[in-house]
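A quick write-up on the structure given underneath.
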Amino acid sequence: MSKDFNLELASILDGKASIEHQIDIHVNDLFGVKQNDQLSLADVLAGLRYVMNYRLKGGRLPNLDPELMKRLCEGLLLHMSDTEGRILRIKLTPEAEEAFILFGEFLEEIEEFRQAVGQKNVSDLANALKLHRRCRNDAEPEVKQAATAIIFMLTEWFSQFSDWRELVKQQEQNDVEKVLKELTASFKKVKMPRHTTIPLPPPSLYFDRDVTRCVKMFRTSLTDGLSSASIPSLLEHYGFNKLPEPPKPSILKMLLHQLTDFMVIILLIATIVTGAEKDFKGMAVLLVVIALNTVIGFTQEFKANKALEALTKLNVPQAKVLRDEQKAVIDSSQLVPGDIIILEEGDVIPADVRIVECSQFGVIESILTGESLPVSKNVKKIWTRTRSLPIGDCKGNAFMSTMVAKGRAKGLVVRTGNNTEIGKISAAITSSSNMKTAIQQKLTRLGLWLVVLAIFLCILIAVIGIIYKRNPKDMISIGLSLAVSVIPEGLVAVTTVTMAIGVRRMALRNAIVRTLPAVETLGSVTVICSDKTGTLTEGKMGPSELWTADDSLYSFTKPTSLDPKEGNVELHSLEYRERRLRLGRISSNPKIPTTLSTQNTDMGDPGIQAISQRFEDAPAQMVAALMVSCLCNNASIVKDEKGEEGFWKGIGDPTEVALMLAAQKGGFAREFWEKEKGFIKIQEKPFDSERKLMSVVYKYRDNNFIQNQKYTNSYLVMAKGAPEELLEKCTGRLPLATELTKMSNPFEQIISQQDSLRQYPLTDEFLDTLTAESLRMATHGLRVLGLALKTVSLADDFLKAASAVSSIEETDSSPVESSINTAFTENGFTFVGLIGLIDPPRAGVADSIRKCKEAGIRVVMITGDHIATATAIATDIGIIEPDVMGMNRVIRGAELDLLSGDAISELSPFPNVFARVSPDNKLKIVKALQNMNNSVAMTGDGVNDAPAIKAADVGIAMGISGTEITKQAADIILANDDFSTIVAAVEEGRQVFDNILKFIVYLLSCNGAEIIIMLLSAIINTDLPFTTIMILWANIIADVPPAMSLGFEPAEKDIMRRRPRDPKSGVLNLPSIITLISQAFVMALLSFGTYEIALKVENKSLADARSIAFCTLTTLQLLQGFLSRTLYISVFKMGFFGNQWMILSILGSFIAMIIGIYVPGVSDWLELEPINIIGWVMVAISCIVLVVSSELVKLFARHFRDSAAAAEEIKGKRENIEMKDSNNYVVLRSLRIYEGPNFTGNYQDIYSPEPKCVTFDRSWNIYSLELSPKGLKAKFFSDAECGGRMVLDVGGPKQIRANLVQPIQALSVLLD
């Protein structure tokens, strides 16, 4: 009896703890729901409602933790008064009403909750309860009943609340009193309203509930499933298991989008005004420009913008489910929470599930986390105080659209449709609006300024006309001409065409652009947020290092290549290893790795020796390790014969494929052992997360292989797994190579373990060495596995009896089989070695990141991988610089969850690496960087990346590994999944903006010249030099073709050594504005001068003078197009044939001008007259003057740019100097020093990881380095061990003051 009582008491206490845990999670959410975009108050209250109805109602558990109830009371009161609506229509929210009813129910059921309420004062309670609002005529009957019940409980149980009128203002008491009378007339004692419906658990992952509790909650059965009769009501409550279909933009909307561009609207207004003036020729020209822009923009958008149609492709069509005690295959949209689904290898999971049964179950979640390795799942609950658990840590759950990699399982459906992880991402993407890009915003602002200028000039012309008493019609004509001059008709079309040219160039460099403005925006990014797996790395596992028990270290070349003909194994001598380790200590530069590179560049070093693939010549310990790697393995590498050449592919777990690659590159793949050496697989004990081991049993029968017949009837047991777990099963290790070389056939000695070979124990010294190697590998991001083997000899009678045995499953069977299984247990192993696997960085990534730094672009790694792996890869490729302040911070997603968006923005220094992040984290990081005034590019391939990609200024998706939804959310798609392509695209983007800036300066200077001429004519009261049709014709032939040719202008040499543009700055900067204005005045004064000379000196007719002015201005504008190929460099240094399109366009435009002047009919339509030789001489002189003035302006622009760059470099240098000692010496571990007399070159880094050494690049000017105190001797030498770098040796640890003397700035550094 006592035992039964104790069990019952334990059960009650366990149930109470579980309920309190659930309430605690919901209380935490009550206080944080407003700051959590991924959590709604309705969801939190639904969770509390379920706990109340299912676990507490009816006095099931009247006592709970007092402190918890106090916090719950505060949380409910916090939300009970939430309102919505406008003034005079304000009402309480549905969530506030639910919180109010829950308040009453907890008051009714839980003693400690009543105690917490009793501690509240009257005014606080009155403000939260708002009883008068809940007793109005429009209030729901359920709410009225709850209000009355709460009043009765408060007045009956608490003396301080005995008069309910104190809880309601006097002028608001009538409604409350009326409701009290109505309900007390019907009930003797009003109680809280009862819920007649069966409580259904809210959608959640329930990773903190055990399987039994989950099954009971959903009223289902692991063997029978749900009944078909219950499905309709569940579908009505939870909805169908479907993702929302994406919005599809109509053709009409896309056309309207093109026509509502601000600059196009300006052109439309100008067209209407031109038509109103009956200038139909000018109107026709403007309409052609508008039509050209609309067609180009619409075509690009129609091809690219599919608006997330790929979302529907993620819906899984069918699911295997248990219903009515039978297994059935149904449409996945019919799944409901509570269904039991069956999951097998290769299945795509149809909903978010809680794993309730599993066997060796692994799921590939790369679509959500970006990591390609399978995640092992189990049924264990996870005890946590938050519902925000990273996806990668939810070991008891599987998610919709992920794939089963191995094993089988049963899953309890807990979330469907929009409530799934995929559904939330879908909602985040479809809800985000398309923001204007930076160039669109800047061109809009420029258009506004032009409109303001046009209005101002029209008013100015009107005032001048009034002063001179001119004809109003003439003034309107002049104003219209001015307006036409102000508006650059070709700007919109030329901008669109230039970006389209950039799109074509990017496509040639494997970057496919979906939206035109993204081309320019990418060129202005200040931060690139990149996923690790598949972008910075190759996205596939390969062998990196092999360490054997004789302390030999091997590396693998071309580790991820599946082709058997590529790659081999290399032995690294002890001297070479020590040299690399010493080099790693004196420099943290990622170019000097402290681990072995997967792309070895030291093949000429005598410390590296290529290993023969002949069995007789290869080291026996290495052969043994590779044998275990490939035989204790279920993966395979096969050639896909599809296509003419075919390609190799790995089948199986990525880790095991990497182990097969290791054996393959050594020349000892599985086929060698099974076909040539007669190895036969007998048994296997698969890997599981408890043992962290896998073992296999092989029989070898090749008498030529084993010379001693005593050992030919032997079994070989091999194991691989976590090193710490495997070592516990080992009793010895392999002998040293020196011992084996004394024997004939050393490999036979290893696998047969003959009596003549003494056992080598696991000494402390050996274990220390092994631990150091394992730690070194793990620290550098390698996945480390241990390898071991043992030989088991059995008598012939056992072999005959066991001939039919094919499985190692440990079941009760015959004595013979039991004896065999005992012999094959996982103990008594001989330790063979460690193998380190890695997803290596892509070739060229480190160089691309260096280019980003030179360009002033920060690269941030965001990954779901473990922090150690992320840090190692980031350090290897240069994202993390350990010795540079502000470049070595790493943060985990769990830490990020605790920070708000503003808090993330204020992190100082801002992290370079974010590890173990969730999709929500990625979105927060992007928004935080944008709040810091950064232009952000976000890369990714999985669905988890899509919301952040959509929110970023430029979203970049992977073309090969990327999911369809991610591609549709992105602006740019990388066809080769290579980070280096992003850097190339950034260069293209900068080139596009440079060219846009050049033609904007060109167009506005040309149009500015026309404006100045018009104003001069109006001010001096003379006839206009041009008619409206002349201006339009000049703008068409002299503006558009040269401007479009500028879109083909090659990139300038220093384009990737400039800092990014400020995202908030305008299109035009000070040098470009000065260039624009000066050139406009020069062209205007020269053209107006020729007009006045022709009219007043040569006494030409008005038509002739206008023709000379038109010819002068048009020719000058064409020449200005050629001069605008660069805003800073002299045209004589640029080369005349660098842009052949410019030469063709100027030639074509000049011919068009000649035709307009000399061809009858055309000249009449344009109102032009032929020009004599004197007119052409004036045109030639004007061109010479324009070239000279342009060179002078560029000289000023270069001086301004260089001065600003020098100031920026010095500012950047000063920002690195933060710590000073009492002598005002700078004390730093590292200091960036800039080379070149004006600090305009690339920076290098000085490192001081040890007191006596400073390393620097040999390209520096050594004479510029001064040392103090005086008399300090320093010698310079080239150390081959340091990779050819120069080393300054100051003879021991002492205080050194080093000055880098430069003409502008002298800096001091005290090296500690």
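Residue names in the structure tokens use chain letters A, B, ... in the order shown, residue numbers from 1 in each chain, and ligand numbers from 1 in the order shown.
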How close does each residue of stretch 347-398 of chain A get to stretch 209-212 of chain A, giving the shortest atom pair and distance in Å to one decimal for every residue with an atom at most 7 Å away, counting only C-alpha atoms, sorted by chain and residue number, as CSV?
```
residue,atom,partner,partner_atom,distance
A:Val356,CA,A:Val211,CA,5.6
A:Val379,CA,A:Val211,CA,7.0
A:Lys380,CA,A:Asp210,CA,6.7
A:Lys381,CA,A:Asp210,CA,5.3
```
Limited to N, CA, C and O atoms, could you put the picked residues into a file as an mmCIF file, in the first residue's frame?
```cif
data_model
loop_
_atom_site.group_PDB
_atom_site.id
_atom_site.type_symbol
_atom_site.label_atom_id
_atom_site.label_comp_id
_atom_site.auth_asym_id
_atom_site.auth_seq_id
_atom_site.Cartn_x
_atom_site.Cartn_y
_atom_site.Cartn_z
ATOM 1 N N VAL A 356 7.952 10.024 -32.402
ATOM 2 C CA VAL A 356 7.420 9.191 -31.325
ATOM 3 C C VAL A 356 8.015 7.787 -31.329
ATOM 4 O O VAL A 356 8.005 7.103 -30.305
ATOM 5 N N VAL A 379 13.569 10.261 -29.622
ATOM 6 C CA VAL A 379 12.242 10.545 -29.057
ATOM 7 C C VAL A 379 12.333 11.283 -27.723
ATOM 8 O O VAL A 379 11.306 11.558 -27.102
ATOM 9 N N LYS A 380 13.526 11.621 -27.284
ATOM 10 C CA LYS A 380 13.685 12.232 -25.966
ATOM 11 C C LYS A 380 13.134 13.649 -25.937
ATOM 12 O O LYS A 380 13.225 14.380 -26.914
ATOM 13 N N LYS A 381 12.584 14.025 -24.805
ATOM 14 C CA LYS A 381 12.127 15.395 -24.645
ATOM 15 C C LYS A 381 13.305 16.277 -24.245
ATOM 16 O O LYS A 381 14.304 15.813 -23.691
#
```
### Query
If you count only C-alpha atoms, which residues fall within 8 Å of stretch 616-626 of chain A, apart from same-chain ones fewer than 4 positions away, as an MDAnalysis selection string?
chainID A and resid 548:550 611:612 630 662:663 666 668:669 734 737 746:747 750:751 787:788 832:833
### Message
What parts of stretch 1014-1044 of chain A does DSSP call helix (DSSP H, G or I)? I'd like the answer as a PyMOL selection string.
### Response
chain A and resi 1014-1019+1028-1044
Dump C-alpha atoms for the selected residues as a compact mmCIF listing (two decimals), in the first residue's frame?
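Output below, filename again-v5.txt:
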```
# COMPACT_ATOMS: atom_id res chain seq x y z
CA MET A 1014 17.79 80.15 -72.64
CA LEU A 1015 18.26 82.23 -69.50
CA LEU A 1016 20.89 84.45 -71.16
CA SER A 1017 18.55 85.04 -74.09
CA ALA A 1018 15.69 85.97 -71.79
CA ILE A 1019 17.83 88.23 -69.59
CA THR A 1028 11.71 73.47 -79.25
CA ILE A 1029 12.17 70.89 -82.01
CA MET A 1030 15.87 71.80 -82.26
CA ILE A 1031 16.30 71.17 -78.54
CA LEU A 1032 14.51 67.84 -78.73
CA TRP A 1033 16.52 66.78 -81.80
CA ALA A 1034 19.78 67.78 -80.10
CA ASN A 1035 18.78 65.84 -77.00
CA ILE A 1036 17.97 62.76 -79.03
CA ILE A 1037 21.08 62.61 -81.25
CA ALA A 1038 23.61 64.20 -78.89
CA ASP A 1039 22.38 62.90 -75.53
CA VAL A 1040 21.08 59.38 -75.91
CA PRO A 1041 23.67 57.62 -78.17
CA PRO A 1042 26.81 58.87 -76.33
CA ALA A 1043 25.13 58.33 -72.96
CA MET A 1044 24.26 54.75 -73.90
```
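Contact shell of stretch 24-35 of chain A at 9 Å (only C-alpha atoms; same-chain neighbours under 5 positions omitted): Ile19, Ser40, Leu41, Val44, Leu45, Gly47, Leu48, Leu68, Arg71, Leu72, Gly75, Leu76, Leu78, His79, Thr384, Arg385, Thr386, Arg387 and Ser900 of chain A.
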Writing out the chosen residues with all heavy atoms as a short mmCIF file (atom, residue, chain, number, x, y, z; two decimals), in the first residue's frame:
```cif
data_model
loop_
_atom_site.label_atom_id
_atom_site.label_comp_id
_atom_site.auth_asym_id
_atom_site.auth_seq_id
_atom_site.Cartn_x
_atom_site.Cartn_y
_atom_site.Cartn_z
N ILE A 19 3.32 20.85 -15.49
CA ILE A 19 2.37 21.96 -15.69
C ILE A 19 3.04 23.30 -15.40
O ILE A 19 2.89 24.26 -16.16
CB ILE A 19 1.13 21.76 -14.80
CG1 ILE A 19 0.34 20.54 -15.28
CG2 ILE A 19 0.25 23.00 -14.80
CD1 ILE A 19 -0.79 20.14 -14.34
N SER A 40 2.85 35.34 -31.62
CA SER A 40 1.65 36.16 -31.45
C SER A 40 1.06 35.94 -30.06
O SER A 40 1.20 34.86 -29.47
CB SER A 40 0.60 35.82 -32.51
OG SER A 40 0.06 34.53 -32.30
N LEU A 41 0.40 36.97 -29.54
CA LEU A 41 -0.24 36.87 -28.24
C LEU A 41 -1.33 35.81 -28.26
O LEU A 41 -1.55 35.11 -27.26
CB LEU A 41 -0.82 38.24 -27.84
CG LEU A 41 -1.53 38.33 -26.50
CD1 LEU A 41 -0.60 37.93 -25.36
CD2 LEU A 41 -2.08 39.73 -26.27
N VAL A 44 0.17 32.45 -27.50
CA VAL A 44 0.53 32.29 -26.09
C VAL A 44 -0.71 32.01 -25.25
O VAL A 44 -0.72 31.11 -24.40
CB VAL A 44 1.25 33.56 -25.58
CG1 VAL A 44 1.61 33.41 -24.10
CG2 VAL A 44 2.51 33.83 -26.40
N LEU A 45 -1.77 32.77 -25.49
CA LEU A 45 -3.00 32.58 -24.73
C LEU A 45 -3.65 31.23 -25.05
O LEU A 45 -4.26 30.61 -24.18
CB LEU A 45 -3.97 33.72 -25.01
CG LEU A 45 -3.50 35.11 -24.54
CD1 LEU A 45 -4.47 36.18 -25.00
CD2 LEU A 45 -3.34 35.15 -23.03
N GLY A 47 -2.01 28.55 -25.68
CA GLY A 47 -1.27 27.58 -24.88
C GLY A 47 -1.74 27.57 -23.43
O GLY A 47 -1.90 26.50 -22.82
N LEU A 48 -1.98 28.74 -22.85
CA LEU A 48 -2.49 28.82 -21.47
C LEU A 48 -3.91 28.24 -21.39
O LEU A 48 -4.27 27.59 -20.40
CB LEU A 48 -2.48 30.27 -21.00
CG LEU A 48 -1.12 30.85 -20.62
CD1 LEU A 48 -1.22 32.35 -20.39
CD2 LEU A 48 -0.56 30.16 -19.37
N LEU A 68 5.49 31.78 -9.48
CA LEU A 68 5.03 31.62 -10.85
C LEU A 68 3.65 32.25 -11.03
O LEU A 68 3.38 32.92 -12.03
CB LEU A 68 5.01 30.14 -11.22
CG LEU A 68 4.50 29.80 -12.63
CD1 LEU A 68 5.36 30.45 -13.70
CD2 LEU A 68 4.46 28.28 -12.84
N ARG A 71 3.84 36.02 -11.27
CA ARG A 71 4.27 36.47 -12.59
C ARG A 71 3.16 36.29 -13.63
O ARG A 71 2.97 37.13 -14.52
CB ARG A 71 5.52 35.70 -13.03
CG ARG A 71 6.76 36.06 -12.22
CD ARG A 71 7.93 35.14 -12.53
NE ARG A 71 8.19 35.06 -13.94
CZ ARG A 71 8.41 33.94 -14.61
NH1 ARG A 71 8.37 32.78 -13.96
NH2 ARG A 71 8.62 33.95 -15.90
N LEU A 72 2.40 35.18 -13.51
CA LEU A 72 1.28 34.96 -14.42
C LEU A 72 0.23 36.05 -14.26
O LEU A 72 -0.31 36.56 -15.26
CB LEU A 72 0.67 33.58 -14.17
CG LEU A 72 -0.60 33.26 -14.98
CD1 LEU A 72 -0.33 33.30 -16.47
CD2 LEU A 72 -1.17 31.91 -14.57
N GLY A 75 1.43 39.12 -15.97
CA GLY A 75 1.38 38.99 -17.42
C GLY A 75 -0.02 39.12 -17.98
O GLY A 75 -0.23 39.77 -19.01
N LEU A 76 -1.00 38.51 -17.32
CA LEU A 76 -2.38 38.62 -17.80
C LEU A 76 -2.90 40.05 -17.65
O LEU A 76 -3.57 40.58 -18.55
CB LEU A 76 -3.27 37.63 -17.05
CG LEU A 76 -3.03 36.15 -17.35
CD1 LEU A 76 -3.87 35.27 -16.44
CD2 LEU A 76 -3.33 35.82 -18.81
N LEU A 78 -1.22 42.66 -17.79
CA LEU A 78 -0.53 43.49 -18.77
C LEU A 78 -1.29 43.55 -20.09
O LEU A 78 -1.27 44.58 -20.78
CB LEU A 78 0.88 42.93 -19.00
CG LEU A 78 1.78 43.65 -19.99
CD1 LEU A 78 2.14 45.04 -19.47
CD2 LEU A 78 3.06 42.84 -20.25
N HIS A 79 -1.98 42.46 -20.47
CA HIS A 79 -2.62 42.40 -21.77
C HIS A 79 -4.15 42.48 -21.71
O HIS A 79 -4.78 42.48 -22.77
CB HIS A 79 -2.23 41.09 -22.46
CG HIS A 79 -0.76 40.99 -22.78
ND1 HIS A 79 -0.16 41.69 -23.80
CD2 HIS A 79 0.25 40.28 -22.18
CE1 HIS A 79 1.13 41.42 -23.84
NE2 HIS A 79 1.41 40.56 -22.87
N THR A 384 13.53 22.81 -21.44
CA THR A 384 13.97 24.18 -21.68
C THR A 384 12.93 25.15 -21.16
O THR A 384 11.75 24.77 -20.99
CB THR A 384 14.20 24.41 -23.19
OG1 THR A 384 14.57 25.77 -23.40
CG2 THR A 384 12.95 24.12 -23.99
N ARG A 385 13.34 26.36 -20.90
CA ARG A 385 12.42 27.39 -20.40
C ARG A 385 11.99 28.35 -21.51
O ARG A 385 11.49 29.43 -21.22
CB ARG A 385 13.07 28.17 -19.27
CG ARG A 385 13.35 27.33 -18.04
CD ARG A 385 13.74 28.19 -16.86
NE ARG A 385 12.66 29.08 -16.47
CZ ARG A 385 12.77 30.01 -15.52
NH1 ARG A 385 13.90 30.17 -14.89
NH2 ARG A 385 11.74 30.79 -15.22
N THR A 386 12.22 27.98 -22.75
CA THR A 386 11.82 28.83 -23.85
C THR A 386 11.31 27.97 -24.99
O THR A 386 11.70 26.81 -25.12
CB THR A 386 12.99 29.70 -24.35
OG1 THR A 386 12.57 30.45 -25.48
CG2 THR A 386 14.18 28.84 -24.73
N ARG A 387 10.44 28.55 -25.80
CA ARG A 387 9.97 27.83 -26.98
C ARG A 387 10.86 28.15 -28.18
O ARG A 387 10.67 27.60 -29.25
CB ARG A 387 8.52 28.18 -27.28
CG ARG A 387 8.29 29.60 -27.74
CD ARG A 387 6.86 29.82 -28.20
NE ARG A 387 5.93 29.79 -27.08
CZ ARG A 387 4.62 29.66 -27.22
NH1 ARG A 387 4.11 29.52 -28.41
NH2 ARG A 387 3.82 29.66 -26.18
N SER A 900 17.56 42.45 -28.69
CA SER A 900 16.63 43.10 -29.61
C SER A 900 17.38 43.57 -30.85
O SER A 900 18.62 43.55 -30.89
CB SER A 900 15.95 44.29 -28.92
OG SER A 900 16.92 45.29 -28.62
#
```
### Query
Any idea what's packed within 9 Å of A:Glu854, counting only C-alpha atoms, ignoring anything in its chain fewer than 3 positions away? Could you give it as a VMD selection string?
chain A and resid 849 to 851 857 1056 to 1059 1242 to 1243
Export C-alpha atoms of the chosen residues as an mmCIF file, in the first residue's frame?
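Result file is selection.cif:
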```cif
data_model
loop_
_atom_site.group_PDB
_atom_site.id
_atom_site.type_symbol
_atom_site.label_atom_id
_atom_site.label_comp_id
_atom_site.auth_asym_id
_atom_site.auth_seq_id
_atom_site.Cartn_x
_atom_site.Cartn_y
_atom_site.Cartn_z
ATOM 1 C CA ILE A 849 37.586 38.192 -49.141
ATOM 2 C CA ARG A 850 40.887 40.041 -49.311
ATOM 3 C CA LYS A 851 39.533 41.980 -52.288
ATOM 4 C CA ILE A 857 33.362 45.748 -47.793
ATOM 5 C CA MET A 1056 37.855 47.739 -56.293
ATOM 6 C CA ARG A 1057 40.242 49.785 -54.163
ATOM 7 C CA ARG A 1058 37.693 52.459 -53.339
ATOM 8 C CA ARG A 1059 35.546 52.526 -50.252
ATOM 9 C CA ASN A 1242 46.821 48.767 -50.005
ATOM 10 C CA TYR A 1243 47.348 48.266 -46.312
#
```
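Interatomic distance, atom CA of A:Arg1198 to atom CA of A:Phe1132: 14.9 Å.
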### Task
Check the smallest atom-to-atom distance from each of A:Val513, A:Leu1118, A:Met861, A:Ile1055 to A:Ser1005 using only C-alpha atoms, then report the winner.
A:Leu1118
### Test item: residues at most 8 Å from A:Asn995, only C-alpha atoms, excluding those fewer than 3 positions along its chain, as a PyMOL selection string
chain A and resi 498+991-992+998-999+1046-1049
### Query
Between A:Leu1127, A:Cys529, A:Val176, A:Leu167, which one has atoms that come closest to A:Lys144, using only C-alpha atoms?
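Nearest to A:Lys144: A:Val176.
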### Message
Using only C-alpha atoms for the distances, tell me which of A:Lys677, A:Lys685, A:His780, A:Arg49 is nearest to A:Tyr700.
### Response
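Smallest distance to A:Tyr700 is found for A:Lys677.
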### Message
Excluding A:Thr869 and its own-chain neighbours fewer than 6 positions away, which residues fall within 10 Å of it when counting only C-alpha atoms? Please give them as a ChimeraX atom specification.
### Response
/A:778-783,838-839,863,875,915
### Task
Can you pull out every residue within 7 Å of A:Pro559, counting only C-alpha atoms, but drop anything in the same chain fewer than 3 positions away, and send it as a PyMOL selection string?
chain A and resi 542-544+556+567+598
### Query
From the set A:Asp945, A:Glu74, A:Asp531, A:Asp1054, which residue has the shortest atom-to-atom contact distance to A:Ile422, counting only C-alpha atoms?
A:Asp945
### Query
For the atom pair atom CA of A:Ile269 and atom CA of A:Ala518, what is the interatomic distance in Å to one decimal place?
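So the answer is 28.3 Å.
Closest approach to A:Thr655 among A:Thr830, A:Ile835, A:Ser159, A:Thr981: A:Ile835, based on only C-alpha atoms.
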